[in-house]
>>> print(open('model_8.txt').read())   # compact mmCIF, C-alpha atoms and all ligand atoms
# COMPACT_ATOMS: atom_id res chain seq x y z
CA MET A 1 3.50 12.01 -28.69
CA LYS A 2 2.22 8.48 -29.36
CA ILE A 3 2.71 5.22 -27.48
CA THR A 4 4.68 2.75 -29.58
CA ASP A 5 5.55 -0.10 -27.22
CA LEU A 6 5.24 -1.57 -23.75
CA GLU A 7 7.55 -3.78 -21.66
CA LEU A 8 6.51 -5.77 -18.59
CA HIS A 9 9.18 -7.34 -16.37
CA ALA A 10 8.29 -9.56 -13.42
CA VAL A 11 10.63 -9.33 -10.43
CA GLY A 12 10.70 -11.27 -7.16
CA VAL A 13 12.18 -9.30 -4.27
CA PRO A 14 12.51 -10.78 -0.76
CA ARG A 15 11.66 -8.82 2.36
CA GLN A 16 13.95 -8.76 5.41
CA THR A 17 11.60 -11.44 6.78
CA GLY A 18 12.36 -13.77 3.86
CA PHE A 19 8.90 -13.41 2.35
CA VAL A 20 9.25 -12.87 -1.43
CA ASN A 21 6.95 -10.46 -3.25
CA LYS A 22 6.44 -10.39 -6.99
CA HIS A 23 6.00 -7.07 -8.79
CA VAL A 24 5.88 -6.04 -12.46
CA ILE A 25 8.06 -3.20 -13.72
CA VAL A 26 6.45 -1.32 -16.62
CA LYS A 27 8.13 0.64 -19.41
CA ILE A 28 6.06 2.59 -21.92
CA HIS A 29 7.85 3.82 -25.05
CA THR A 30 6.81 6.60 -27.42
CA ASP A 31 7.59 7.90 -30.88
CA GLU A 32 9.33 10.93 -29.29
CA GLY A 33 12.05 8.63 -27.92
CA LEU A 34 10.81 9.27 -24.37
CA SER A 35 9.92 6.37 -22.06
CA GLY A 36 8.01 6.23 -18.79
CA ILE A 37 8.43 3.72 -15.97
CA GLY A 38 5.82 2.36 -13.59
CA GLU A 39 5.26 -0.45 -11.13
CA MET A 40 2.44 -2.97 -10.73
CA SER A 41 3.18 -3.62 -7.09
CA ASP A 42 2.93 -6.78 -5.02
CA PHE A 43 0.95 -9.47 -6.80
CA SER A 44 1.71 -11.73 -3.81
CA HIS A 45 -1.70 -11.52 -2.23
CA LEU A 46 -4.69 -13.82 -2.28
CA PRO A 47 -6.55 -14.91 -4.37
CA LEU A 48 -4.28 -17.66 -5.66
CA TYR A 49 -4.38 -17.10 -9.35
CA SER A 50 -1.70 -15.46 -11.41
CA VAL A 51 -1.74 -13.14 -14.37
CA ASP A 52 -0.12 -14.37 -17.59
CA LEU A 53 2.32 -11.64 -18.59
CA HIS A 54 2.39 -12.42 -22.34
CA ASP A 55 -1.36 -12.24 -22.46
CA LEU A 56 -1.40 -9.10 -20.34
CA LYS A 57 1.12 -7.36 -22.57
CA ARG A 58 -0.90 -8.23 -25.67
CA GLY A 59 -4.12 -6.93 -24.07
CA LEU A 60 -2.54 -3.73 -22.78
CA LEU A 61 -0.91 -3.02 -26.14
CA SER A 62 -4.33 -3.27 -27.80
CA ILE A 63 -5.46 -0.48 -25.43
CA LEU A 64 -2.33 1.69 -25.48
CA LEU A 65 -0.79 1.54 -28.95
CA GLY A 66 -1.08 4.85 -30.80
CA GLU A 67 -2.58 6.69 -27.81
CA ASN A 68 -1.32 10.06 -26.65
CA PRO A 69 -0.07 9.55 -23.04
CA PHE A 70 -1.61 12.91 -22.07
CA ASP A 71 -5.07 11.43 -22.70
CA LEU A 72 -5.04 10.09 -19.16
CA MET A 73 -8.80 10.20 -18.68
CA LYS A 74 -9.49 8.36 -21.92
CA ILE A 75 -6.82 5.74 -21.29
CA ASN A 76 -7.93 5.22 -17.68
CA GLN A 77 -11.51 4.78 -18.85
CA LYS A 78 -10.40 2.14 -21.34
CA LEU A 79 -8.33 0.43 -18.66
CA THR A 80 -11.27 0.38 -16.25
CA ASP A 81 -13.57 -1.00 -18.96
CA ASN A 82 -11.13 -3.86 -19.47
CA PHE A 83 -9.92 -4.34 -15.88
CA PRO A 84 -13.08 -3.41 -13.99
CA GLU A 85 -13.50 -2.74 -10.29
CA THR A 86 -14.64 -5.80 -8.37
CA MET A 87 -15.28 -4.60 -4.80
CA TYR A 88 -12.30 -6.72 -3.71
CA TYR A 89 -9.32 -5.28 -1.85
CA TYR A 90 -6.57 -7.22 -3.63
CA GLU A 91 -8.11 -7.14 -7.13
CA LYS A 92 -5.22 -7.59 -9.54
CA GLY A 93 -6.86 -5.45 -12.23
CA SER A 94 -6.30 -2.43 -9.94
CA PHE A 95 -2.57 -3.27 -9.65
CA ILE A 96 -2.38 -3.47 -13.45
CA ARG A 97 -4.13 -0.13 -14.01
CA ASN A 98 -1.88 1.44 -11.37
CA GLY A 99 1.34 0.36 -13.09
CA ILE A 100 0.22 1.81 -16.42
CA ASP A 101 -1.06 5.05 -14.88
CA ASN A 102 2.27 5.48 -12.96
CA ALA A 103 4.24 5.12 -16.18
CA LEU A 104 1.96 7.56 -18.04
CA HIS A 105 2.52 10.14 -15.28
CA ASP A 106 6.28 9.63 -15.46
CA LEU A 107 6.12 10.04 -19.23
CA CYS A 108 3.92 13.17 -19.29
CA ALA A 109 5.94 14.90 -16.57
CA LYS A 110 9.23 14.06 -18.36
CA TYR A 111 7.82 15.46 -21.59
CA LEU A 112 6.92 18.71 -19.81
CA ASP A 113 10.27 18.74 -17.98
CA ILE A 114 8.60 18.84 -14.56
CA SER A 115 8.29 16.46 -11.62
CA VAL A 116 5.23 14.24 -11.19
CA SER A 117 4.13 16.27 -8.16
CA ASP A 118 4.14 19.42 -10.30
CA PHE A 119 2.09 17.50 -12.87
CA LEU A 120 -0.33 16.54 -10.06
CA GLY A 121 -0.85 20.13 -8.95
CA GLY A 122 2.31 21.15 -7.10
CA ARG A 123 3.50 20.47 -3.59
CA VAL A 124 1.97 21.35 -0.27
CA LYS A 125 4.84 19.60 1.51
CA GLU A 126 8.16 17.89 0.83
CA LYS A 127 7.85 14.84 3.09
CA ILE A 128 5.22 12.58 4.62
CA LYS A 129 5.27 11.14 8.11
CA VAL A 130 5.18 7.34 7.86
CA CYS A 131 5.16 4.35 10.18
CA TYR A 132 6.90 0.98 10.12
CA PRO A 133 4.65 -2.12 10.11
CA ILE A 134 4.76 -4.80 12.79
CA PHE A 135 3.31 -7.90 11.18
CA ARG A 136 0.69 -9.96 12.95
CA HIS A 137 1.57 -12.01 16.01
CA ARG A 138 0.36 -15.56 15.85
CA PHE A 139 2.43 -16.84 18.78
CA MET A 140 3.66 -15.40 22.03
CA GLU A 141 7.25 -16.22 21.07
CA GLU A 142 7.04 -13.71 18.20
CA VAL A 143 6.72 -10.81 20.67
CA GLU A 144 10.43 -10.52 21.46
CA ASP A 145 11.37 -10.70 17.78
CA ASN A 146 9.04 -7.81 17.08
CA ILE A 147 10.43 -5.82 19.99
CA LYS A 148 13.83 -6.23 18.31
CA VAL A 149 12.33 -4.81 15.11
CA VAL A 150 11.07 -1.76 17.02
CA ARG A 151 14.47 -1.29 18.67
CA LYS A 152 16.29 -1.44 15.33
CA LYS A 153 13.90 0.77 13.41
CA LEU A 154 13.81 3.34 16.22
CA GLU A 155 17.59 3.62 15.91
CA GLU A 156 17.04 4.29 12.20
CA GLY A 157 14.61 7.11 12.95
CA PHE A 158 11.20 5.39 12.80
CA ASP A 159 9.36 6.40 15.96
CA VAL A 160 5.85 5.51 14.76
CA PHE A 161 4.68 1.94 14.10
CA ARG A 162 1.45 0.23 13.16
CA LEU A 163 0.42 -3.14 14.43
CA TYR A 164 -1.47 -5.92 12.62
CA VAL A 165 -3.70 -7.51 15.23
CA GLY A 166 -6.45 -10.02 15.82
CA LYS A 167 -4.95 -13.52 15.66
CA SER A 168 -3.46 -13.76 19.15
CA LEU A 169 -4.82 -11.02 21.37
CA ASP A 170 -2.66 -12.24 24.23
CA ALA A 171 0.44 -11.71 22.11
CA ASP A 172 -0.89 -8.36 20.82
CA GLU A 173 -1.35 -7.18 24.40
CA ALA A 174 2.01 -8.55 25.52
CA PHE A 175 3.71 -6.71 22.64
CA LEU A 176 2.00 -3.42 23.49
CA SER A 177 2.96 -3.57 27.14
CA ARG A 178 6.56 -4.51 26.24
CA VAL A 179 6.71 -1.48 23.91
CA LYS A 180 5.43 0.77 26.66
CA ASP A 181 7.84 -0.63 29.26
CA GLU A 182 10.92 -0.46 27.07
CA PHE A 183 10.34 2.63 24.95
CA GLY A 184 7.82 4.73 26.91
CA SER A 185 6.81 7.84 25.01
CA LYS A 186 9.67 7.49 22.48
CA VAL A 187 7.52 5.17 20.36
CA ARG A 188 3.94 5.53 19.08
CA ILE A 189 1.70 2.79 17.71
CA LYS A 190 -0.57 4.68 15.37
CA SER A 191 -2.98 1.97 14.26
CA TYR A 192 -4.30 -1.50 14.94
CA ASP A 193 -5.00 -3.20 11.61
CA PHE A 194 -7.49 -6.10 11.77
CA SER A 195 -7.18 -6.77 8.01
CA HIS A 196 -10.88 -7.81 7.76
CA LEU A 197 -10.17 -11.01 9.72
CA LEU A 198 -12.86 -10.61 12.40
CA ASN A 199 -16.56 -9.90 12.37
CA TRP A 200 -17.37 -6.54 13.89
CA LYS A 201 -18.55 -7.90 17.24
CA ASP A 202 -15.37 -9.89 17.81
CA ALA A 203 -13.38 -6.88 16.64
CA SER A 204 -15.30 -4.74 19.11
CA ARG A 205 -14.29 -6.98 22.01
CA ALA A 206 -10.70 -7.00 20.76
CA ILE A 207 -10.70 -3.21 20.51
CA GLN A 208 -11.84 -2.97 24.13
CA ARG A 209 -8.85 -5.09 25.17
CA LEU A 210 -6.25 -3.47 22.96
CA THR A 211 -7.21 0.16 23.49
CA LYS A 212 -6.28 -0.26 27.15
CA HIS A 213 -2.77 0.10 25.76
CA ASP A 214 -3.13 3.34 23.84
CA LEU A 215 0.36 4.30 22.71
CA GLY A 216 -0.67 7.18 20.48
CA LEU A 217 -3.38 5.34 18.59
CA GLU A 218 -4.69 7.37 15.64
CA MET A 219 -7.04 4.82 14.09
CA ILE A 220 -8.40 1.30 14.02
CA GLU A 221 -8.21 -0.25 10.58
CA SER A 222 -10.41 -2.76 8.75
CA PRO A 223 -12.20 -4.06 11.88
CA ALA A 224 -14.97 -5.84 9.95
CA PRO A 225 -15.19 -8.15 6.92
CA ARG A 226 -14.65 -6.50 3.53
CA ASN A 227 -17.63 -4.42 2.38
CA ASP A 228 -19.48 -4.83 5.71
CA PHE A 229 -20.51 -1.18 5.80
CA GLU A 230 -23.15 -1.77 8.48
CA GLY A 231 -20.59 -3.50 10.71
CA LEU A 232 -18.15 -0.61 10.36
CA TYR A 233 -20.91 1.85 11.16
CA GLN A 234 -21.94 -0.08 14.30
CA LEU A 235 -18.33 -0.16 15.46
CA ARG A 236 -17.94 3.54 14.84
CA LEU A 237 -20.79 4.17 17.25
CA LYS A 238 -19.17 1.97 19.89
CA THR A 239 -15.67 3.39 19.94
CA ASP A 240 -14.26 6.89 20.21
CA TYR A 241 -11.26 5.92 18.09
CA PRO A 242 -11.44 6.81 14.39
CA ILE A 243 -12.12 3.85 12.08
CA SER A 244 -10.12 3.59 8.86
CA GLU A 245 -10.70 1.44 5.81
CA HIS A 246 -8.89 0.99 2.50
CA VAL A 247 -10.56 2.27 -0.67
CA TRP A 248 -10.67 -0.43 -3.38
CA SER A 249 -13.54 0.76 -5.57
CA PHE A 250 -15.50 3.94 -6.07
CA LYS A 251 -18.73 2.06 -5.40
CA GLN A 252 -17.29 0.91 -2.05
CA GLN A 253 -16.14 4.45 -1.25
CA GLN A 254 -19.59 5.76 -2.13
CA GLU A 255 -21.23 3.18 0.18
CA MET A 256 -18.89 4.13 3.03
CA ILE A 257 -19.75 7.81 2.55
CA LYS A 258 -23.51 7.13 2.31
CA LYS A 259 -23.47 4.95 5.39
CA ASP A 260 -21.10 7.28 7.28
CA ALA A 261 -19.31 4.02 8.04
CA ILE A 262 -15.78 5.26 8.71
CA ASP A 263 -13.70 8.29 9.70
CA ILE A 264 -10.55 7.89 7.61
CA PHE A 265 -10.13 6.70 4.05
CA ASN A 266 -6.93 4.73 3.54
CA ILE A 267 -6.00 5.55 -0.06
CA SER A 268 -3.26 3.92 -2.12
CA PRO A 269 -2.92 4.10 -5.90
CA VAL A 270 -2.33 0.35 -6.14
CA PHE A 271 -5.67 -0.61 -4.59
CA ILE A 272 -7.79 1.95 -6.45
CA GLY A 273 -5.95 1.60 -9.77
CA GLY A 274 -3.56 4.52 -10.27
CA LEU A 275 -2.59 8.06 -9.35
CA THR A 276 -5.51 9.45 -11.35
CA ALA A 277 -7.96 7.27 -9.43
CA ALA A 278 -6.27 7.88 -6.06
CA LYS A 279 -6.52 11.64 -6.58
CA LYS A 280 -10.23 11.25 -7.28
CA ALA A 281 -10.70 9.15 -4.12
CA ALA A 282 -8.80 11.76 -2.07
CA TYR A 283 -10.98 14.56 -3.45
CA ALA A 284 -14.13 12.52 -2.76
CA ALA A 285 -12.95 12.12 0.84
CA GLU A 286 -12.39 15.85 1.11
CA VAL A 287 -15.87 16.58 -0.22
CA ALA A 288 -17.31 14.11 2.31
CA SER A 289 -15.33 15.81 5.12
CA LYS A 290 -13.36 12.66 5.85
CA ASP A 291 -9.68 12.41 6.69
CA ILE A 292 -7.27 10.40 4.60
CA VAL A 293 -4.16 8.37 5.19
CA LEU A 294 -1.81 7.20 2.45
CA GLY A 295 -1.86 3.39 2.55
CA THR A 296 0.46 0.85 0.99
CA THR A 297 0.86 -2.63 -0.40
CA GLN A 298 4.59 -2.25 0.29
CA GLU A 299 5.74 -1.00 -3.09
CA LEU A 300 9.31 -0.92 -4.41
CA SER A 301 10.90 2.51 -4.99
CA ILE A 302 9.10 3.32 -8.25
CA GLY A 303 5.66 2.74 -6.71
CA THR A 304 6.68 4.49 -3.49
CA ALA A 305 8.03 7.52 -5.38
CA ALA A 306 4.69 7.81 -7.20
CA MET A 307 2.95 7.80 -3.81
CA ALA A 308 5.34 10.38 -2.38
CA HIS A 309 4.58 12.73 -5.29
CA LEU A 310 0.86 12.19 -4.76
CA GLY A 311 1.03 12.54 -0.99
CA CYS A 312 3.00 15.77 -1.17
CA SER A 313 0.41 17.25 -3.54
CA LEU A 314 -2.63 16.50 -1.34
CA THR A 315 -3.95 18.90 1.28
CA ASN A 316 -5.95 16.45 3.37
CA ILE A 317 -3.49 13.80 4.61
CA ASN A 318 -3.70 14.41 8.31
CA HIS A 319 -2.51 11.10 9.73
CA THR A 320 0.72 9.14 9.83
CA SER A 321 0.87 7.24 6.56
CA ASP A 322 2.03 3.73 5.64
CA PRO A 323 4.38 3.44 2.61
CA THR A 324 7.66 1.89 3.79
CA GLY A 325 8.18 -0.81 1.13
CA PRO A 326 11.78 0.19 0.26
CA GLU A 327 12.65 -0.22 3.97
CA LEU A 328 11.16 -3.73 4.03
CA TYR A 329 12.70 -5.26 0.92
CA VAL A 330 16.30 -6.43 0.83
CA GLY A 331 16.76 -4.96 -2.65
CA ASP A 332 15.23 -2.79 -5.36
CA VAL A 333 15.51 -2.25 -9.10
CA VAL A 334 16.52 1.43 -9.13
CA LYS A 335 19.78 3.39 -9.01
CA HIS A 336 18.80 5.32 -5.86
CA ARG A 337 15.99 4.21 -3.60
CA VAL A 338 13.50 6.73 -2.22
CA THR A 339 14.71 8.46 0.93
CA TYR A 340 13.46 7.93 4.48
CA LYS A 341 14.74 10.22 7.19
CA ASP A 342 13.61 10.59 10.80
CA GLY A 343 10.47 8.62 10.05
CA TYR A 344 9.51 10.67 6.99
CA LEU A 345 9.24 9.62 3.36
CA HIS A 346 10.81 12.40 1.29
CA ALA A 347 9.47 13.17 -2.17
CA PRO A 348 12.16 12.91 -4.87
CA ASP A 349 13.90 16.19 -5.70
CA ARG A 350 11.44 18.46 -7.46
CA ASN A 351 14.06 19.50 -9.98
CA ILE A 352 14.31 15.98 -11.35
CA LYS A 353 11.70 15.41 -14.03
CA GLY A 354 9.10 12.65 -13.97
CA LEU A 355 8.98 10.32 -10.98
CA GLY A 356 12.60 11.24 -10.26
CA ILE A 357 13.59 7.57 -10.10
CA GLU A 358 15.96 5.79 -12.43
CA LEU A 359 15.74 2.10 -13.25
CA ASP A 360 18.91 0.05 -12.77
CA GLU A 361 18.97 -2.49 -15.62
CA SER A 362 21.44 -4.76 -13.84
CA LEU A 363 19.27 -4.93 -10.71
CA LEU A 364 16.23 -5.51 -12.89
CA ALA A 365 18.07 -8.49 -14.41
CA GLU A 366 19.17 -9.69 -10.96
CA TYR A 367 15.64 -9.81 -9.55
CA ARG A 368 13.88 -10.88 -12.76
CA VAL A 369 11.63 -13.93 -12.45
CA PRO A 370 10.04 -15.73 -15.41
CA ASP A 371 6.44 -15.10 -14.43
CA LEU A 372 3.99 -14.33 -11.63
CA SER A 373 3.31 -17.98 -10.82
CA TRP A 374 2.92 -18.97 -7.19
CA GLU A 375 5.45 -20.93 -5.19
CA ASN A 376 4.27 -23.02 -2.25
CA VAL A 377 2.57 -20.57 0.09
CA THR A 378 -0.05 -20.98 2.77
CA VAL A 379 -2.98 -18.72 3.51
CA HIS A 380 -1.44 -17.60 6.79
CA GLN A 381 1.81 -16.65 5.04
CA LEU A 382 -0.14 -14.53 2.60
CA GLN A 383 -2.31 -12.95 5.27
CA ASP A 384 0.46 -12.36 7.77
CA ARG A 385 3.28 -11.51 5.33
CA THR A 386 5.68 -14.04 6.79
CA ALA A 387 8.07 -16.63 5.39
CA ASP A 388 7.48 -18.70 8.52
CA THR A 389 5.45 -21.80 7.66
CA LYS A 390 4.52 -22.72 11.23
CA ALA A 391 0.73 -22.79 11.43
CA GLN A 392 -1.52 -21.80 14.32
CA LYS A 393 -3.17 -24.67 16.20
CA SER A 394 -6.72 -23.35 15.94
O1 LIG A 401 -2.63 -1.76 5.51
C1 LIG A 401 -2.65 -2.87 5.02
O2 LIG A 401 -3.69 -3.54 5.07
C2 LIG A 401 -1.44 -3.46 4.41
O3 LIG A 401 -0.47 -2.64 3.97
C3 LIG A 401 -1.67 -4.72 3.65
O4 LIG A 401 -2.22 -4.46 2.42
C4 LIG A 401 -0.45 -5.57 3.61
O5 LIG A 401 -0.79 -6.91 3.44
C5 LIG A 401 0.55 -5.13 2.57
O6 LIG A 401 -0.07 -5.15 1.32
C6 LIG A 401 1.75 -6.03 2.54
O7 LIG A 401 2.01 -6.62 1.50
O8 LIG A 401 2.45 -6.11 3.56
MG MG A 402 -4.69 -2.17 6.22
MG MG A 403 1.12 -5.92 -0.27
>>> encode(input="model_8.txt", output="structure tokens")
Amino acid sequence: MKITDLELHAVGVPRQTGFVNKHVIVKIHTDEGLSGIGEMSDFSHLPLYSVDLHDLKRGLLSILLGENPFDLMKINQKLTDNFPETMYYYEKGSFIRNGIDNALHDLCAKYLDISVSDFLGGRVKEKIKVCYPIFRHRFMEEVEDNIKVVRKKLEEGFDVFRLYVGKSLDADEAFLSRVKDEFGSKVRIKSYDFSHLLNWKDASRAIQRLTKHDLGLEMIESPAPRNDFEGLYQLRLKTDYPISEHVWSFKQQQEMIKKDAIDIFNISPVFIGGLTAAKKAAYAAEVASKDIVLGTTQELSIGTAAMAHLGCSLTNINHTSDPTGPELYVGDVVKHRVTYKDGYLHAPDRNIKGLGIELDESLLAEYRVPDLSWENVTVHQLQDRTADTKAQKS
């Protein structure tokens, strides 16, 4: 089987909050008549530059044309040579590699007439416990709106949430005590995510305040600037709560292992550049005796299905994971979205080959946007994933 062509389609899909995220849907065609689909998820993160899709397609074709999709290691090596790791969380090269690697997995599994999880090594489970995100409070008046989100999602079966914190600790605390008063033990908040906004000493003081409201806290995420391994290590000594951090390069993962800087690796294919790379990061974590959690950029259904296949094939996910994109977006580009039930992400039926997800061409056309260019967005909108333009005073 040889790769003969590639299609890249940019789509803009709004979230329930009104915030629009741009993704790229990938199709890889072969001389066997088989095609694979993938997703380069959520380009709507800082830094403010955009990828030119015509250029990208030309470059990727120069890497992929004529290759056998089963040569995953060779192709991934070529991709990494051309879209190298940069030690930056939201590096767009990783999103690009991920979309291609997703589609290659879909293609190879379809060719073999098996599901992607069987291609990845089989299943250890059928579903993954996940949590719904509560985006960062900037103002006290946002607390009641977020309580409404908890109320609604609890009715839909989500009993675990994670909370982005660190901009208004008063509001963070008010939210936590409201959750406790209204929902008691029916709701858990599994992590506080500082998103690298604070230095470790400020984060340490914030952790002291926020952990007074422990509602089932499993981890504290990104409580130091990116790549501040020493800061993470210092924090780890100061708190009994496990510290988690995203993995965005193998060098960074190596430094975190060497420094014993964290307890839990947050692994998502999009940030490390594909299923192949994510598997490697998960195995590295296992060798280093660290836990893992499946992270997210909030993918659409294709990206989420890829993660569900991966997650169900790994033996060392021992924390509530994060992928809930299809629950956040108002639409999708597939015939049937991935399934969430009782707070679990279910892997697509194992009897369906490939990713088990079918593109819907009319939805693809409906959400298509001409390119990945930026509309008017502010830094706080990008950091806090909100359509609200009201800025903080300080
Ligand atoms: O755990 C995280 O840090 C998040 O999922 C973070 O990456 C978010 O900004 C996410 O990517 C989103 O788009 O909401
Ligand atoms: Mg995070
Ligand atoms: Mg994202």
>>> residues_around(input="model_8.txt", residues="A:Val334", least_positions_apart="6", cutoff="9 Å", atoms="only C-alpha atoms", output="VMD selection string")
chain A and resid 300 to 302 357 to 361 363 to 364
>>> write_last_selection(input="model_8.txt", atoms="C-alpha atoms", output="PDB file, in the coordinates of the input")
ATOM      1  CA  LEU A 300       9.310  -0.920  -4.410  1.00  0.00           C
ATOM      2  CA  SER A 301      10.900   2.510  -4.990  1.00  0.00           C
ATOM      3  CA  ILE A 302       9.100   3.320  -8.250  1.00  0.00           C
ATOM      4  CA  ILE A 357      13.590   7.570 -10.100  1.00  0.00           C
ATOM      5  CA  GLU A 358      15.960   5.790 -12.430  1.00  0.00           C
ATOM      6  CA  LEU A 359      15.740   2.100 -13.250  1.00  0.00           C
ATOM      7  CA  ASP A 360      18.910   0.050 -12.770  1.00  0.00           C
ATOM      8  CA  GLU A 361      18.970  -2.490 -15.620  1.00  0.00           C
ATOM      9  CA  LEU A 363      19.270  -4.930 -10.710  1.00  0.00           C
ATOM     10  CA  LEU A 364      16.230  -5.510 -12.890  1.00  0.00           C
TER      11      LEU A 364
END
>>> residues_near_ligand(input="model_8.txt", ligand="ligand MG 402 (chain A)", cutoff="12 Å", atoms="all atoms listed in the file", output="compact mmCIF listing (two decimals) with C-alpha atoms, in the frame of the given file")
# COMPACT_ATOMS: atom_id res chain seq x y z
CA TYR A 89 -9.32 -5.28 -1.85
CA TYR A 90 -6.57 -7.22 -3.63
CA PRO A 133 4.65 -2.12 10.11
CA ILE A 134 4.76 -4.80 12.79
CA PHE A 135 3.31 -7.90 11.18
CA ARG A 136 0.69 -9.96 12.95
CA ARG A 162 1.45 0.23 13.16
CA LEU A 163 0.42 -3.14 14.43
CA TYR A 164 -1.47 -5.92 12.62
CA VAL A 165 -3.70 -7.51 15.23
CA SER A 191 -2.98 1.97 14.26
CA TYR A 192 -4.30 -1.50 14.94
CA ASP A 193 -5.00 -3.20 11.61
CA PHE A 194 -7.49 -6.10 11.77
CA SER A 195 -7.18 -6.77 8.01
CA HIS A 196 -10.88 -7.81 7.76
CA LEU A 197 -10.17 -11.01 9.72
CA MET A 219 -7.04 4.82 14.09
CA ILE A 220 -8.40 1.30 14.02
CA GLU A 221 -8.21 -0.25 10.58
CA SER A 222 -10.41 -2.76 8.75
CA PRO A 223 -12.20 -4.06 11.88
CA ALA A 224 -14.97 -5.84 9.95
CA ARG A 226 -14.65 -6.50 3.53
CA ILE A 243 -12.12 3.85 12.08
CA SER A 244 -10.12 3.59 8.86
CA GLU A 245 -10.70 1.44 5.81
CA HIS A 246 -8.89 0.99 2.50
CA VAL A 247 -10.56 2.27 -0.67
CA TRP A 248 -10.67 -0.43 -3.38
CA ILE A 264 -10.55 7.89 7.61
CA PHE A 265 -10.13 6.70 4.05
CA ASN A 266 -6.93 4.73 3.54
CA ILE A 267 -6.00 5.55 -0.06
CA SER A 268 -3.26 3.92 -2.12
CA PHE A 271 -5.67 -0.61 -4.59
CA VAL A 293 -4.16 8.37 5.19
CA LEU A 294 -1.81 7.20 2.45
CA GLY A 295 -1.86 3.39 2.55
CA THR A 296 0.46 0.85 0.99
CA THR A 297 0.86 -2.63 -0.40
CA GLN A 298 4.59 -2.25 0.29
CA SER A 321 0.87 7.24 6.56
CA ASP A 322 2.03 3.73 5.64
CA PRO A 323 4.38 3.44 2.61
CA GLN A 383 -2.31 -12.95 5.27
CA ASP A 384 0.46 -12.36 7.77
>>> closest_residue(input="model_8.txt", among="A:Ala306, A:Val330, A:Leu345, A:Leu382", to="A:His45", atoms="only C-alpha atoms")
A:Leu382
>>> closest_residue(input="model_8.txt", among="A:His380, A:Lys110, A:Lys74, A:Arg385", to="ligand MG 403 (chain A)", atoms="all atoms listed in the file")
A:Arg385
>>> atom_distance(input="model_8.txt", atom1="atom CA of A:Tyr340", atom2="atom CA of A:Lys125")
14.8 Å
>>> residues_around(input="model_8.txt", residues="A:Thr386", least_positions_apart="6", cutoff="10 Å", atoms="all atoms listed in the file", output="MDAnalysis selection string")
chainID A and resid 15:20 135:136 377:378 380
>>> write_last_selection(input="model_8.txt", atoms="C-alpha atoms", output="compact mmCIF listing (two decimals), in the frame of the given file")
# COMPACT_ATOMS: atom_id res chain seq x y z
CA ARG A 15 11.66 -8.82 2.36
CA GLN A 16 13.95 -8.76 5.41
CA THR A 17 11.60 -11.44 6.78
CA GLY A 18 12.36 -13.77 3.86
CA PHE A 19 8.90 -13.41 2.35
CA VAL A 20 9.25 -12.87 -1.43
CA PHE A 135 3.31 -7.90 11.18
CA ARG A 136 0.69 -9.96 12.95
CA VAL A 377 2.57 -20.57 0.09
CA THR A 378 -0.05 -20.98 2.77
CA HIS A 380 -1.44 -17.60 6.79
>>> closest_residue(input="model_8.txt", among="A:Gly311, A:Gly303, A:Gly157, A:Gly356", to="ligand MG 403 (chain A)", atoms="all atoms listed in the file")
A:Gly303
